[in-house]
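Undergrad: Pasting a structure below so you can have a look.
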Amino acid sequence: MNAPHVEEFLTLQEIVAAAKRNLSPGPWSYLIGGAETETTVKRNRHALDSIAFRPRVLRDVSKIDSSARFLGTATRLPVFLAPIGGLESLVEGGAATAARAAAQFGVPQMLSSVCQPGLEETARAASTIRSFQLYVRGDDAWVDDFVKRAKDHGFTSFCLTVDVAAYSRRERDLVGRFVKPWRARAVEGAPFQAGLSWDQVKRFKDKHDLPLIIKGIATVEDALLAVEHGVEVVYVSNHGGRQLDHGLGSAAVLPQIVSAVGKKAEVWVDGGFMRGTDVVKAIALGAKAVGLGRLTGLGVAAGGAPGLVRTLELLEEEVRICLGLLGVTSLAGLDASCVTPAPAVNAPDTFSAFPLMGA
C-alpha cells in the first residue's frame with residue numbers, strides 16, 4: 001500500500017472513513033463491534049463524553065512536551081498499541097505492519113498472542129518497545145515457553161488477559177457470518193483460560209522476572225488483589241466492550257481504581273479512546289498509559305504502516321493542542337482538577353467521537 005500524503009489525512013475522521021472504504025463488511029464489523037447489545041461499547045464512549053475540561057489561562061504554554069514513560073522507558077506519547085487479535089484481517093502483514101509503525105513513530109506495541117505473524121516474526125519486523133499479551137491456552141510449561149520466547153525476542157513486559165473466561169457472543173460477526181480465521185485457534189485450549197486464577201498470577205511472579213501486567217481489571221476489589229500479588233501494572237479494560245455486555249465504561253471505573261492502587265502499581269486503561277482529548281482525560285484521572293485498540297486497527301486499515309503513523313501524528317497534535325488550551329505544558333501538569341463531570345452531548349456509539357462520519 002502506498003504511503004499516504006499528509007494532505008490525504010488531515011483529521012482522524014478521514015482515517016476512519018478510509019478504513020471503512022478499504023475493509024470488506026466482515027472485518028469492518030469485527031473491528032467496530034462488541035458483545036450482544038454492545039452496551040459496554042457505548043458506555044465506554046459515554047464515560048469519556050461525560051468528562052469536561054476545566055481550562056486555566058494566561059499561562060506560558062509556548063513549549064509543550066507530550067512525551068511519557070512506558071515502564072521507565074521514554075516514549076513519544078502516553079499511548080501504546082493495544083493487543084488486537086487478527087490484525088492480519090485488516091492489513092497485510094498484521095502485527096508486523098503495526099510494529100513498523102510503532103517503531104517509526106516512537107510508541108510501544110503490546111502484541112496479542114492470537115495475532116499473526118506471531119511473536120518471533122513481529123519482533124524481527126521492527127525495533128520498538130515491546131510487551132507481550134497472552135491468552136492462556138496451555139499448562140504452566142506452555143506459559144513458561146511463551147515467557148522465554150518473549151524475553152529472547154526483546155519483549156520487556158508480559159501481560160495476562162483475564163476477562164475472557166468465556167468467549168462472548170459478538171452478534172455483528174454472527175449475523176454477518178464472518179468466521180474469524182484466528183477463532184479456531186483460540187478455541188483450542190480454552191479450558192486453560194477458563195481455569196486461570198490468582199494462583200497462576202502468584203506462580204508467575206514467583207518464577208519470572210518480567211514485569212507483569214494484568215489486563216481486564218474492572219473493579220477496585222480485583223485491582224487490590226493484583227497489587228497484593230505484586231503485579232506491576234493494573235490494566236483497566238473491558239476488552240473494548242467485546243466481552244461482558246452491560247459493563248461500566250473504563251473511564252467511569254478508572255478514578256476509583258487509581259485511588260485504590262495508589263503508588264503500588266501503574267494503572268493503564270483502554271476502552272473507547274479515540275481522540276487526543278480522550279488520552280488527556282485518562283492521564284488527568286491518573287492513568288499512566290492509554291491503550292489504542294480500534295484506533296490501531298483503523299490506522300493500518302486506512303493506509304498500512306504509514307496510515308498508522310499518520311494516525312499517531314494526528315493524535316499527537318490533538319494531545320498537544322489540548323494540553324496548551326488547558327494551560328499545562330506537560331503530562332505532569334495534569335491532575336483531577338483539570339476535569340469535571342458533565343452531561344454527555346452526543347449519543348454514544350463506537351464512532352461518536354467522529355461526528356462528521358454521519359455527515
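For the C-alpha cells, the naming scheme is as follows: chains receive sequential letters (A, B, ...) according to their order of presentation, residues are indexed from 1 within each chain, and ligands are indexed from 1 in presentation order.
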Hey, what does DSSP flag as strand (DSSP E) within range 9-251 of chain A? Can you give it to me as a ChimeraX atom specification?
TA: /A:51-53,68-70,73-75,79-81,109-112,130-134,155-161,212-217,233-236
Undergrad: List every residue of range 34-84 of chain A that has an atom at most 12 Å from any atom of range 227-239 of chain A, and for each one report the closest atom pair and its distance in Å to one decimal, counting only C-alpha atoms, with rows sorted by chain and then by increasing residue number, as a Markdown table.
TA:
```
| residue | atom | partner | partner_atom | distance |
| --- | --- | --- | --- | --- |
| A:Gly34 | CA | A:His239 | CA | 8.9 |
| A:Ala35 | CA | A:His239 | CA | 9.8 |
| A:Glu38 | CA | A:His239 | CA | 11.8 |
| A:Thr39 | CA | A:Asn238 | CA | 11.5 |
| A:Thr40 | CA | A:Asn238 | CA | 7.8 |
| A:Val41 | CA | A:Asn238 | CA | 8.9 |
| A:Lys42 | CA | A:Asn238 | CA | 11.8 |
| A:Arg43 | CA | A:Asn238 | CA | 10.5 |
| A:Asn44 | CA | A:Asn238 | CA | 8.8 |
| A:Phe70 | CA | A:Val233 | CA | 10.7 |
| A:Leu71 | CA | A:Glu232 | CA | 8.8 |
| A:Gly72 | CA | A:Glu232 | CA | 11.8 |
| A:Ala82 | CA | A:His239 | CA | 10.2 |
| A:Pro83 | CA | A:His239 | CA | 9.8 |
| A:Ile84 | CA | A:His239 | CA | 9.7 |
```
Undergrad: Please produce a file of those selected residues containing N, CA, C and O atoms, as a short mmCIF file (atom, residue, chain, number, x, y, z; two decimals), in the first residue's frame.
TA:
```
data_model
loop_
_atom_site.label_atom_id
_atom_site.label_comp_id
_atom_site.auth_asym_id
_atom_site.auth_seq_id
_atom_site.Cartn_x
_atom_site.Cartn_y
_atom_site.Cartn_z
N GLY A 34 -19.08 -5.17 19.19
CA GLY A 34 -18.89 -5.60 20.56
C GLY A 34 -19.77 -6.79 20.86
O GLY A 34 -20.28 -7.46 19.95
N ALA A 35 -19.97 -7.07 22.13
CA ALA A 35 -20.75 -8.22 22.55
C ALA A 35 -22.24 -7.88 22.60
O ALA A 35 -22.63 -6.80 23.03
N GLU A 38 -24.03 -4.51 22.66
CA GLU A 38 -22.97 -3.50 22.55
C GLU A 38 -23.14 -2.35 23.53
O GLU A 38 -22.68 -1.24 23.32
N THR A 39 -23.79 -2.64 24.65
CA THR A 39 -23.98 -1.62 25.68
C THR A 39 -22.65 -1.17 26.28
O THR A 39 -22.43 0.02 26.52
N THR A 40 -21.75 -2.13 26.52
CA THR A 40 -20.45 -1.75 27.10
C THR A 40 -19.67 -0.87 26.13
O THR A 40 -18.98 0.08 26.56
N VAL A 41 -19.75 -1.17 24.83
CA VAL A 41 -19.09 -0.31 23.83
C VAL A 41 -19.59 1.12 23.97
O VAL A 41 -18.80 2.08 24.00
N LYS A 42 -20.89 1.27 24.07
CA LYS A 42 -21.47 2.61 24.17
C LYS A 42 -21.10 3.28 25.50
O LYS A 42 -20.86 4.49 25.55
N ARG A 43 -21.06 2.49 26.57
CA ARG A 43 -20.72 3.07 27.86
C ARG A 43 -19.26 3.53 27.91
O ARG A 43 -18.93 4.47 28.65
N ASN A 44 -18.39 2.86 27.17
CA ASN A 44 -17.01 3.35 27.09
C ASN A 44 -16.97 4.78 26.57
O ASN A 44 -16.31 5.65 27.13
N PHE A 70 7.06 4.51 29.51
CA PHE A 70 6.37 3.23 29.49
C PHE A 70 7.20 2.25 30.30
O PHE A 70 8.24 1.78 29.84
N LEU A 71 6.80 2.02 31.54
CA LEU A 71 7.58 1.20 32.47
C LEU A 71 9.04 1.67 32.52
O LEU A 71 9.97 0.88 32.47
N GLY A 72 9.20 2.98 32.57
CA GLY A 72 10.51 3.57 32.73
C GLY A 72 11.22 3.95 31.45
O GLY A 72 12.24 4.64 31.48
N ALA A 82 -2.57 -1.28 21.67
CA ALA A 82 -3.17 -2.33 22.49
C ALA A 82 -3.20 -3.65 21.71
O ALA A 82 -3.21 -3.66 20.47
N PRO A 83 -3.22 -4.78 22.42
CA PRO A 83 -3.23 -6.08 21.73
C PRO A 83 -4.55 -6.32 21.01
O PRO A 83 -5.62 -6.21 21.60
N ILE A 84 -4.46 -6.63 19.73
CA ILE A 84 -5.65 -6.93 18.91
C ILE A 84 -5.44 -8.26 18.22
O ILE A 84 -4.41 -8.47 17.56
#
```
Undergrad: With a distance cut-off of 10 Å and only C-alpha atoms, select the neighbouring residues of Pro55 in chain A, excluding the residue or stretch itself and same-chain residues fewer than 4 positions from it, and output the selection as a list in words.
TA: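 Near Pro55 in chain A, the qualifying residues are Cys322, Leu323, Gly324, Leu325, Leu326, Gly327, Val328, Ser337, Cys338 and Val339 of chain A.
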Undergrad: Looking at A:Ala18, A:Val201, A:Val147, A:Ala284, which one is nearest to Pro78 in chain A, with distances taken over only C-alpha atoms?
TA: A:Ala284
Undergrad: Nearest to Ser113 in chain A: which of A:Thr97, A:Ser131, A:Gln243, A:Ser330 is it, counting only C-alpha atoms?
TA: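 Comparing A:Thr97, A:Ser131, A:Gln243, A:Ser330 against Ser113 in chain A, the winner is A:Ser131.
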Undergrad: DSSP on the backbone, alpha helix (DSSP H) only: what residues of range 68-184 of chain A does that give? Format it as a ChimeraX atom specification.
TA: /A:94-105,119-125,140-152,171-175,183-184
Undergrad: For Ala17 in chain A, find every residue with an atom within 10 Å (counting only C-alpha atoms), except residues of its own chain fewer than 3 positions away, and show them as JSON, numbers by chain.
TA: {"A": [9, 12, 13, 14, 20, 21, 22, 298, 302, 354, 356, 357]}
Undergrad: Save the residues we just selected, N, CA, C and O atoms, as a JSON list (two decimals), in the first residue's frame?
TA:
```json
[["chain", "number", "residue", "atom", "x", "y", "z"],
["A", 9, "PHE", "N", -4.77, 12.77, 4.77],
["A", 9, "PHE", "CA", -5.43, 12.61, 6.07],
["A", 9, "PHE", "C", -5.11, 13.82, 6.93],
["A", 9, "PHE", "O", -4.05, 13.91, 7.54],
["A", 12, "LEU", "N", -8.50, 12.72, 12.03],
["A", 12, "LEU", "CA", -8.75, 11.32, 12.36],
["A", 12, "LEU", "C", -10.06, 10.84, 11.74],
["A", 12, "LEU", "O", -10.21, 9.64, 11.45],
["A", 13, "GLN", "N", -10.99, 11.74, 11.52],
["A", 13, "GLN", "CA", -12.25, 11.34, 10.88],
["A", 13, "GLN", "C", -11.98, 10.77, 9.48],
["A", 13, "GLN", "O", -12.62, 9.81, 9.05],
["A", 14, "GLU", "N", -11.00, 11.35, 8.79],
["A", 14, "GLU", "CA", -10.67, 10.85, 7.45],
["A", 14, "GLU", "C", -9.97, 9.49, 7.52],
["A", 14, "GLU", "O", -10.10, 8.67, 6.60],
["A", 20, "LYS", "N", -12.98, 2.37, 6.55],
["A", 20, "LYS", "CA", -14.28, 1.78, 6.18],
["A", 20, "LYS", "C", -14.33, 1.47, 4.69],
["A", 20, "LYS", "O", -14.86, 0.43, 4.27],
["A", 21, "ARG", "N", -13.78, 2.36, 3.86],
["A", 21, "ARG", "CA", -13.76, 2.12, 2.42],
["A", 21, "ARG", "C", -12.91, 0.90, 2.07],
["A", 21, "ARG", "O", -13.24, 0.13, 1.15],
["A", 22, "ASN", "N", -11.81, 0.73, 2.79],
["A", 22, "ASN", "CA", -10.84, -0.30, 2.42],
["A", 22, "ASN", "C", -11.22, -1.70, 2.90],
["A", 22, "ASN", "O", -10.74, -2.69, 2.34],
["A", 298, "LEU", "N", -7.93, 0.91, 12.78],
["A", 298, "LEU", "CA", -8.35, 1.89, 11.79],
["A", 298, "LEU", "C", -7.17, 2.47, 11.04],
["A", 298, "LEU", "O", -7.21, 2.66, 9.82],
["A", 302, "ALA", "N", -6.56, 2.02, 7.08],
["A", 302, "ALA", "CA", -6.61, 3.21, 6.23],
["A", 302, "ALA", "C", -5.42, 3.32, 5.31],
["A", 302, "ALA", "O", -5.54, 3.81, 4.18],
["A", 354, "PHE", "N", -16.41, 10.79, 16.23],
["A", 354, "PHE", "CA", -16.19, 11.30, 14.88],
["A", 354, "PHE", "C", -17.53, 11.71, 14.27],
["A", 354, "PHE", "O", -18.07, 11.02, 13.40],
["A", 356, "LEU", "N", -18.51, 13.78, 12.11],
["A", 356, "LEU", "CA", -18.63, 14.02, 10.66],
["A", 356, "LEU", "C", -18.80, 12.75, 9.86],
["A", 356, "LEU", "O", -19.11, 12.81, 8.67],
["A", 357, "MET", "N", -18.60, 11.60, 10.51],
["A", 357, "MET", "CA", -18.79, 10.34, 9.80],
["A", 357, "MET", "C", -20.21, 10.19, 9.29],
["A", 357, "MET", "O", -20.47, 9.54, 8.29]]
```
Undergrad: I want to know what sits within 12 Å of Gly291 in chain A, based on only C-alpha atoms, with residues of the same chain fewer than 2 positions away left out; could you give that as a CSV table (one decimal) with N, CA, C and O atoms, in the first residue's frame?
TA:
```
chain,number,residue,atom,x,y,z
A,70,PHE,N,7.1,4.5,29.5
A,70,PHE,CA,6.4,3.2,29.5
A,70,PHE,C,7.2,2.3,30.3
A,70,PHE,O,8.2,1.8,29.8
A,77,LEU,N,4.4,9.5,23.2
A,77,LEU,CA,3.1,9.8,23.7
A,77,LEU,C,2.8,8.9,24.8
A,77,LEU,O,3.3,7.8,24.9
A,78,PRO,N,1.8,9.2,25.7
A,78,PRO,CA,1.4,8.2,26.8
A,78,PRO,C,0.4,7.2,26.3
A,78,PRO,O,-0.6,6.9,26.9
A,79,VAL,N,0.7,6.6,25.1
A,79,VAL,CA,-0.1,5.6,24.5
A,79,VAL,C,0.7,4.4,24.0
A,79,VAL,O,1.9,4.5,23.9
A,80,PHE,N,0.0,3.3,23.8
A,80,PHE,CA,0.7,2.1,23.2
A,80,PHE,C,-0.4,1.4,22.3
A,80,PHE,O,-1.6,1.6,22.5
A,81,LEU,N,0.1,0.6,21.4
A,81,LEU,CA,-0.8,-0.1,20.6
A,81,LEU,C,-1.3,-1.3,21.4
A,81,LEU,O,-0.5,-2.2,21.7
A,82,ALA,N,-2.6,-1.3,21.7
A,82,ALA,CA,-3.2,-2.3,22.5
A,82,ALA,C,-3.2,-3.6,21.7
A,82,ALA,O,-3.2,-3.7,20.5
A,83,PRO,N,-3.2,-4.8,22.4
A,83,PRO,CA,-3.2,-6.1,21.7
A,83,PRO,C,-4.5,-6.3,21.0
A,83,PRO,O,-5.6,-6.2,21.6
A,84,ILE,N,-4.5,-6.6,19.7
A,84,ILE,CA,-5.6,-6.9,18.9
A,84,ILE,C,-5.4,-8.3,18.2
A,84,ILE,O,-4.4,-8.5,17.6
A,107,VAL,N,6.2,4.7,19.8
A,107,VAL,CA,5.4,4.3,20.9
A,107,VAL,C,5.5,2.8,21.0
A,107,VAL,O,5.9,2.1,20.1
A,108,PRO,N,5.1,2.2,22.2
A,108,PRO,CA,5.2,0.8,22.4
A,108,PRO,C,4.1,0.0,21.6
A,108,PRO,O,3.1,0.5,21.3
A,109,GLN,N,4.4,-1.3,21.4
A,109,GLN,CA,3.4,-2.2,20.9
A,109,GLN,C,3.2,-3.3,21.9
A,109,GLN,O,4.2,-3.9,22.4
A,110,MET,N,2.0,-3.6,22.2
A,110,MET,CA,1.7,-4.8,23.0
A,110,MET,C,1.1,-5.8,22.0
A,110,MET,O,0.0,-5.6,21.4
A,111,LEU,N,1.8,-6.9,21.8
A,111,LEU,CA,1.4,-7.9,20.8
A,111,LEU,C,0.5,-9.0,21.4
A,111,LEU,O,0.8,-9.6,22.4
A,131,SER,N,5.8,-5.3,24.5
A,131,SER,CA,5.1,-6.0,25.5
A,131,SER,C,4.4,-7.2,24.9
A,131,SER,O,3.8,-7.0,23.8
A,215,LYS,N,-4.5,-7.5,32.5
A,215,LYS,CA,-5.4,-6.8,31.6
A,215,LYS,C,-6.8,-7.4,31.8
A,215,LYS,O,-7.0,-8.6,31.6
A,235,TYR,N,-4.2,-3.1,34.5
A,235,TYR,CA,-4.7,-2.6,33.2
A,235,TYR,C,-6.2,-2.7,33.2
A,235,TYR,O,-6.8,-3.7,33.1
A,236,VAL,N,-6.8,-1.5,33.3
A,236,VAL,CA,-8.2,-1.3,33.4
A,236,VAL,C,-8.8,-1.5,31.9
A,236,VAL,O,-8.4,-0.7,31.0
A,237,SER,N,-9.6,-2.5,31.8
A,237,SER,CA,-10.1,-2.8,30.4
A,237,SER,C,-11.4,-3.6,30.5
A,237,SER,O,-11.5,-4.5,31.4
A,238,ASN,N,-12.3,-3.4,29.6
A,238,ASN,CA,-13.4,-4.3,29.4
A,238,ASN,C,-13.4,-4.9,28.0
A,238,ASN,O,-14.4,-5.3,27.5
A,239,HIS,N,-12.2,-5.1,27.5
A,239,HIS,CA,-12.0,-5.7,26.2
A,239,HIS,C,-12.7,-4.9,25.1
A,239,HIS,O,-13.2,-5.5,24.1
A,240,GLY,N,-12.7,-3.6,25.3
A,240,GLY,CA,-13.4,-2.8,24.2
A,240,GLY,C,-14.8,-3.0,24.1
A,240,GLY,O,-15.4,-2.7,23.0
A,250,SER,N,-14.8,2.1,30.9
A,250,SER,CA,-13.5,2.1,31.5
A,250,SER,C,-13.2,3.4,32.2
A,250,SER,O,-12.6,3.4,33.3
A,267,VAL,N,-1.3,2.2,36.6
A,267,VAL,CA,-2.6,1.9,36.1
A,267,VAL,C,-2.6,2.3,34.6
A,267,VAL,O,-2.4,3.5,34.3
A,268,TRP,N,-3.0,1.4,33.8
A,268,TRP,CA,-3.2,1.7,32.4
A,268,TRP,C,-4.6,1.4,32.0
A,268,TRP,O,-5.4,0.8,32.8
A,269,VAL,N,-5.1,1.9,30.9
A,269,VAL,CA,-6.5,1.9,30.6
A,269,VAL,C,-6.7,1.8,29.1
A,269,VAL,O,-5.9,2.3,28.3
A,270,ASP,N,-7.7,1.1,28.7
A,270,ASP,CA,-8.2,1.2,27.3
A,270,ASP,C,-9.8,1.1,27.3
A,270,ASP,O,-10.4,0.9,28.3
A,271,GLY,N,-10.4,1.3,26.1
A,271,GLY,CA,-11.8,1.2,26.0
A,271,GLY,C,-12.5,2.4,25.5
A,271,GLY,O,-12.9,3.3,26.3
A,272,GLY,N,-12.5,2.6,24.2
A,272,GLY,CA,-13.2,3.7,23.6
A,272,GLY,C,-12.3,4.9,23.3
A,272,GLY,O,-12.9,6.0,22.9
A,273,PHE,N,-11.0,4.9,23.6
A,273,PHE,CA,-10.2,6.0,23.4
A,273,PHE,C,-9.8,6.3,22.0
A,273,PHE,O,-9.1,5.4,21.3
A,274,MET,N,-10.3,7.4,21.4
A,274,MET,CA,-10.2,7.6,20.0
A,274,MET,C,-9.6,9.0,19.7
A,274,MET,O,-9.1,9.2,18.6
A,275,ARG,N,-9.6,9.9,20.6
A,275,ARG,CA,-9.1,11.3,20.3
A,275,ARG,C,-8.0,11.7,21.3
A,275,ARG,O,-7.9,11.1,22.4
A,278,ASP,N,-9.4,12.4,24.7
A,278,ASP,CA,-9.6,11.2,25.5
A,278,ASP,C,-8.4,10.8,26.2
A,278,ASP,O,-8.4,10.4,27.4
A,279,VAL,N,-7.2,10.8,25.5
A,279,VAL,CA,-6.0,10.5,26.2
A,279,VAL,C,-5.7,11.4,27.3
A,279,VAL,O,-5.3,11.0,28.4
A,282,ALA,N,-7.7,10.6,30.4
A,282,ALA,CA,-7.2,9.5,31.1
A,282,ALA,C,-6.0,9.8,32.0
A,282,ALA,O,-5.9,9.4,33.2
A,283,ILE,N,-5.1,10.6,31.5
A,283,ILE,CA,-3.9,10.9,32.2
A,283,ILE,C,-4.3,11.8,33.4
A,283,ILE,O,-3.8,11.7,34.5
A,287,ALA,N,-4.2,7.7,35.0
A,287,ALA,CA,-3.6,6.6,34.2
A,287,ALA,C,-2.2,7.0,33.8
A,287,ALA,O,-2.0,8.2,33.5
A,288,LYS,N,-1.4,6.0,33.6
A,288,LYS,CA,0.0,6.2,33.2
A,288,LYS,C,0.1,6.0,31.7
A,288,LYS,O,1.0,6.6,31.0
A,289,ALA,N,-0.8,5.2,31.1
A,289,ALA,CA,-0.7,4.9,29.7
A,289,ALA,C,-2.1,4.5,29.2
A,289,ALA,O,-2.9,4.0,29.9
A,293,GLY,N,-6.8,0.5,20.8
A,293,GLY,CA,-7.2,-0.8,20.1
A,293,GLY,C,-7.8,-0.6,18.8
A,293,GLY,O,-7.1,-0.7,17.7
A,294,ARG,N,-9.0,-0.1,18.7
A,294,ARG,CA,-9.7,0.1,17.4
A,294,ARG,C,-9.0,1.1,16.6
A,294,ARG,O,-8.9,1.0,15.4
A,295,LEU,N,-8.4,2.2,17.3
A,295,LEU,CA,-7.7,3.2,16.5
A,295,LEU,C,-6.5,2.6,15.8
A,295,LEU,O,-6.2,3.1,14.7
A,296,THR,N,-5.8,1.7,16.4
A,296,THR,CA,-4.7,1.0,15.7
A,296,THR,C,-5.2,0.3,14.5
A,296,THR,O,-4.7,0.4,13.4
```
Undergrad: Between A:Arg242, A:Glu88, A:Asp49, A:Ala344, single out the one closest to Arg172 in chain A, counting only C-alpha atoms.
TA: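 Of all the options, A:Arg242 lies closest to Arg172 in chain A.
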Undergrad: Excluding Gly299 in chain A and any residue of its chain fewer than 2 positions from it, enumerate the residues within 10 Å of it, using only C-alpha atoms, and give them as a count of residues only.
TA: 25
Undergrad: Nearest residue to Thr37 in chain A out of A:Glu171, A:Asp209, A:Asp163, A:Asp139, using only C-alpha atoms?
TA: A:Glu171
Undergrad: Would you work out the distance separating CA of Ala125 in chain A from CA of Lys151 in chain A, expressed in Å to one decimal?
TA: 16.2 Å
Undergrad: In Å, rounded to a single decimal, give me how far CA of Thr128 in chain A is from CA of Ala103 in chain A.
TA: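 Distance reported for this atom pair: 4.7 Å.
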Undergrad: Distance CA of Leu334 in chain A-CA of Ala252 in chain A, one decimal place?
TA: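 Here the two named atoms are 17.9 Å from each other.
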Undergrad: Give the answer as one residue: which of A:Ser168, A:His208, A:Tyr135, A:Ser112 has the shortest atom-to-atom distance to Gly189 in chain A, using only C-alpha atoms?
TA: A:Tyr135
Undergrad: Calculated over only C-alpha atoms, which of the candidates A:Thr161, A:Gln193, A:Thr156, A:Thr122 has the smallest distance to Val136 in chain A?
TA: A:Gln193
